[in-house]
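What follows is one structure encoded as structure tokens, with my remarks underneath.
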Amino acid sequence: GSSLGGSAQTSHTLTSSFARLVHSATAPAGATWASVRIRVGGAAQGDHSFIDGVQFEQARLATPYVETNGASAARAAGRVELPASVLDETQGWLAARVRMGFASTDDPHNGDVVMLFGWADNSSNRLELFYDPRPGADSWETRRSASGAGLGVGKPASFASGDLQTVVFKWTATELGVSVNGSAFLAAANTTVPTLAAATARIGSNPYQANLEFD
């Protein structure tokens, strides 16, 4: 049958510590099985390499490893978090470089926004950065609200699937701002500063769900 063959090779430089290696490839139509071949080159006599825990993923995103021990296993959806202790509701900034998995004119979540960053207690008290793909929006947006009040600001964007977007989000006691790919900040007044109790913020995920929404 069909196989990926040499098109699926990836080289990694090994070190003296364990490392997580990730590789992406597209299986041919009709494929019913898969195998992994690992070859170590350039080793000297007496060197040893250890391989532990190979995991196939259906999507393009590498999720947390799950030990199956030869049997089927299930887990909750993965997510990426950072401690809220490094953040401040009144003033701060966040920069991210993202390879987009869809074009700016696409609507990958059927009208829902695509989260990049979220720190929130609930939908009424939050600090967020997201891409709004809805018709007429097509923009990177920030939002900060306290007790349900608070406006955001959105900066229009245009990109193709696979493009890199560098997004910088800033907030102060009096305004929010967004810069895309080194452009000038688009800012808007915002003085609604919440007092957030959430101990963690999330990258690439809606604060009210566990699943990764962005890669």
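So you can find residues: chains in the structure tokens are A, B, ... in the order shown, residues in each start at 1, and ligands are numbered from 1 in order.
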
Excluding stretch 119-125 of chain A and any residue of its chain fewer than 4 positions from it, enumerate the residues within 10 Å of it, using only C-alpha atoms, and give them as an MDAnalysis selection string. chainID A and resid 81:84 87 89 129 144:150 192:203 205:208

May I have the residues within 9 Å of A:Leu164 as a PDB file with all heavy atoms, in the first residue's frame, using only C-alpha atoms and disregarding those fewer than 3 positions away in the same chain?
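New file selection39.pdb:
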ATOM      1  N   ARG A  97       3.977  35.003  18.617  1.00  0.00           N
ATOM      2  CA  ARG A  97       4.166  34.775  17.181  1.00  0.00           C
ATOM      3  C   ARG A  97       3.462  33.467  16.856  1.00  0.00           C
ATOM      4  O   ARG A  97       3.792  32.417  17.404  1.00  0.00           O
ATOM      5  CB  ARG A  97       5.645  34.700  16.834  1.00  0.00           C
ATOM      6  CG  ARG A  97       5.902  34.838  15.337  1.00  0.00           C
ATOM      7  CD  ARG A  97       7.378  34.955  15.054  1.00  0.00           C
ATOM      8  NE  ARG A  97       7.603  35.352  13.656  1.00  0.00           N
ATOM      9  CZ  ARG A  97       8.610  34.908  12.921  1.00  0.00           C
ATOM     10  NH1 ARG A  97       9.471  34.040  13.435  1.00  0.00           N
ATOM     11  NH2 ARG A  97       8.757  35.305  11.684  1.00  0.00           N
ATOM     12  N   VAL A  98       2.479  33.547  15.981  1.00  0.00           N
ATOM     13  CA  VAL A  98       1.577  32.421  15.741  1.00  0.00           C
ATOM     14  C   VAL A  98       1.550  32.065  14.262  1.00  0.00           C
ATOM     15  O   VAL A  98       1.415  32.951  13.418  1.00  0.00           O
ATOM     16  CB  VAL A  98       0.140  32.772  16.202  1.00  0.00           C
ATOM     17  CG1 VAL A  98      -0.768  31.556  16.101  1.00  0.00           C
ATOM     18  CG2 VAL A  98       0.142  33.322  17.620  1.00  0.00           C
ATOM     19  N   ARG A  99       1.701  30.765  13.962  1.00  0.00           N
ATOM     20  CA  ARG A  99       1.512  30.315  12.589  1.00  0.00           C
ATOM     21  C   ARG A  99       0.039  29.966  12.420  1.00  0.00           C
ATOM     22  O   ARG A  99      -0.471  29.049  13.067  1.00  0.00           O
ATOM     23  CB  ARG A  99       2.390  29.107  12.262  1.00  0.00           C
ATOM     24  CG  ARG A  99       2.328  28.725  10.778  1.00  0.00           C
ATOM     25  CD  ARG A  99       3.313  27.624  10.442  1.00  0.00           C
ATOM     26  NE  ARG A  99       4.684  28.006  10.680  1.00  0.00           N
ATOM     27  CZ  ARG A  99       5.427  28.754   9.862  1.00  0.00           C
ATOM     28  NH1 ARG A  99       4.895  29.238   8.738  1.00  0.00           N
ATOM     29  NH2 ARG A  99       6.681  29.031  10.153  1.00  0.00           N
ATOM     30  N   MET A 100      -0.630  30.673  11.539  1.00  0.00           N
ATOM     31  CA  MET A 100      -2.067  30.543  11.410  1.00  0.00           C
ATOM     32  C   MET A 100      -2.453  29.275  10.648  1.00  0.00           C
ATOM     33  O   MET A 100      -1.874  28.962   9.607  1.00  0.00           O
ATOM     34  CB  MET A 100      -2.635  31.767  10.692  1.00  0.00           C
ATOM     35  CG  MET A 100      -2.231  33.098  11.317  1.00  0.00           C
ATOM     36  SD  MET A 100      -2.603  33.221  13.078  1.00  0.00           S
ATOM     37  CE  MET A 100      -4.391  33.155  13.037  1.00  0.00           C
ATOM     38  N   PHE A 159      -4.239  37.581   6.279  1.00  0.00           N
ATOM     39  CA  PHE A 159      -3.190  36.571   6.205  1.00  0.00           C
ATOM     40  C   PHE A 159      -3.727  35.320   5.510  1.00  0.00           C
ATOM     41  O   PHE A 159      -4.933  35.098   5.442  1.00  0.00           O
ATOM     42  CB  PHE A 159      -2.677  36.215   7.607  1.00  0.00           C
ATOM     43  CG  PHE A 159      -3.747  35.843   8.592  1.00  0.00           C
ATOM     44  CD1 PHE A 159      -4.283  34.560   8.632  1.00  0.00           C
ATOM     45  CD2 PHE A 159      -4.231  36.783   9.487  1.00  0.00           C
ATOM     46  CE1 PHE A 159      -5.275  34.225   9.540  1.00  0.00           C
ATOM     47  CE2 PHE A 159      -5.233  36.460  10.401  1.00  0.00           C
ATOM     48  CZ  PHE A 159      -5.749  35.171  10.423  1.00  0.00           C
ATOM     49  N   ALA A 160      -2.813  34.526   4.990  1.00  0.00           N
ATOM     50  CA  ALA A 160      -3.154  33.249   4.379  1.00  0.00           C
ATOM     51  C   ALA A 160      -2.875  32.130   5.379  1.00  0.00           C
ATOM     52  O   ALA A 160      -2.129  32.314   6.348  1.00  0.00           O
ATOM     53  CB  ALA A 160      -2.333  33.038   3.108  1.00  0.00           C
ATOM     54  N   SER A 161      -3.463  30.979   5.169  1.00  0.00           N
ATOM     55  CA  SER A 161      -3.188  29.831   6.015  1.00  0.00           C
ATOM     56  C   SER A 161      -1.699  29.496   5.928  1.00  0.00           C
ATOM     57  O   SER A 161      -1.119  29.439   4.846  1.00  0.00           O
ATOM     58  CB  SER A 161      -4.013  28.634   5.548  1.00  0.00           C
ATOM     59  OG  SER A 161      -3.741  27.497   6.333  1.00  0.00           O
ATOM     60  N   ASN A 181       2.260  42.501  13.519  1.00  0.00           N
ATOM     61  CA  ASN A 181       3.417  42.475  12.612  1.00  0.00           C
ATOM     62  C   ASN A 181       4.196  43.788  12.609  1.00  0.00           C
ATOM     63  O   ASN A 181       4.599  44.294  11.554  1.00  0.00           O
ATOM     64  CB  ASN A 181       2.974  42.117  11.194  1.00  0.00           C
ATOM     65  CG  ASN A 181       2.477  40.687  11.092  1.00  0.00           C
ATOM     66  OD1 ASN A 181       2.861  39.826  11.876  1.00  0.00           O
ATOM     67  ND2 ASN A 181       1.613  40.427  10.123  1.00  0.00           N
TER      68      ASN A 181
END

Would you mind writing down, as a VMD selection string, each residue of stretch 13-213 of chain A that DSSP on the backbone assigns to strand (DSSP E or B)? chain A and resid 80 to 83 92 to 99 114 to 122 125 to 132 139 to 146 149 152 to 156 164 to 171 175 to 180 186 to 189 200 to 203 205 212

10 Å contact set for A:Leu151, only C-alpha atoms, chain neighbours under 5 positions out, as JSON, numbers by chain: {"A": [142, 143, 144, 145, 175, 176, 188, 189, 190, 191, 192]}

For the atom pair atom CA of A:Gly42 and atom CA of A:Gln55, what is the interatomic distance in Å to one decimal place? 25.4 Å

Residues near stretch 130-136 of chain A, cut-off 6 Å, only C-alpha atoms, skip fewer than 5 positions along chain, as a count of residues only: 7

I need the residue nearest A:Lys155 from this list: A:Tyr65, A:Trp140, A:Phe169, A:Phe102. Use only C-alpha atoms for the distance. A:Trp140

One decimal, in Å: what's the spacing between atom CA of A:Asp138 and atom CA of A:Trp171?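 These atoms are spaced 21.3 Å apart.
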
Within 12 Å of A:Asp47 using only C-alpha atoms, minus same-chain residues under 6 positions, as a ChimeraX atom specification: /A:14-16,40-41

Go ahead and write the selection's residues with C-alpha atoms as a compact mmCIF listing (two decimals), in the first residue's frame.
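The resulting file, again.txt, is reproduced below:
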# COMPACT_ATOMS: atom_id res chain seq x y z
CA LEU A 14 20.40 14.62 20.80
CA THR A 15 21.69 15.77 24.19
CA SER A 16 22.46 14.07 27.50
CA VAL A 40 20.55 7.29 15.61
CA GLY A 41 23.51 8.45 13.56

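Put simply, atom CA of A:Ser85 is 26.9 Å away from atom CA of A:Gln165.
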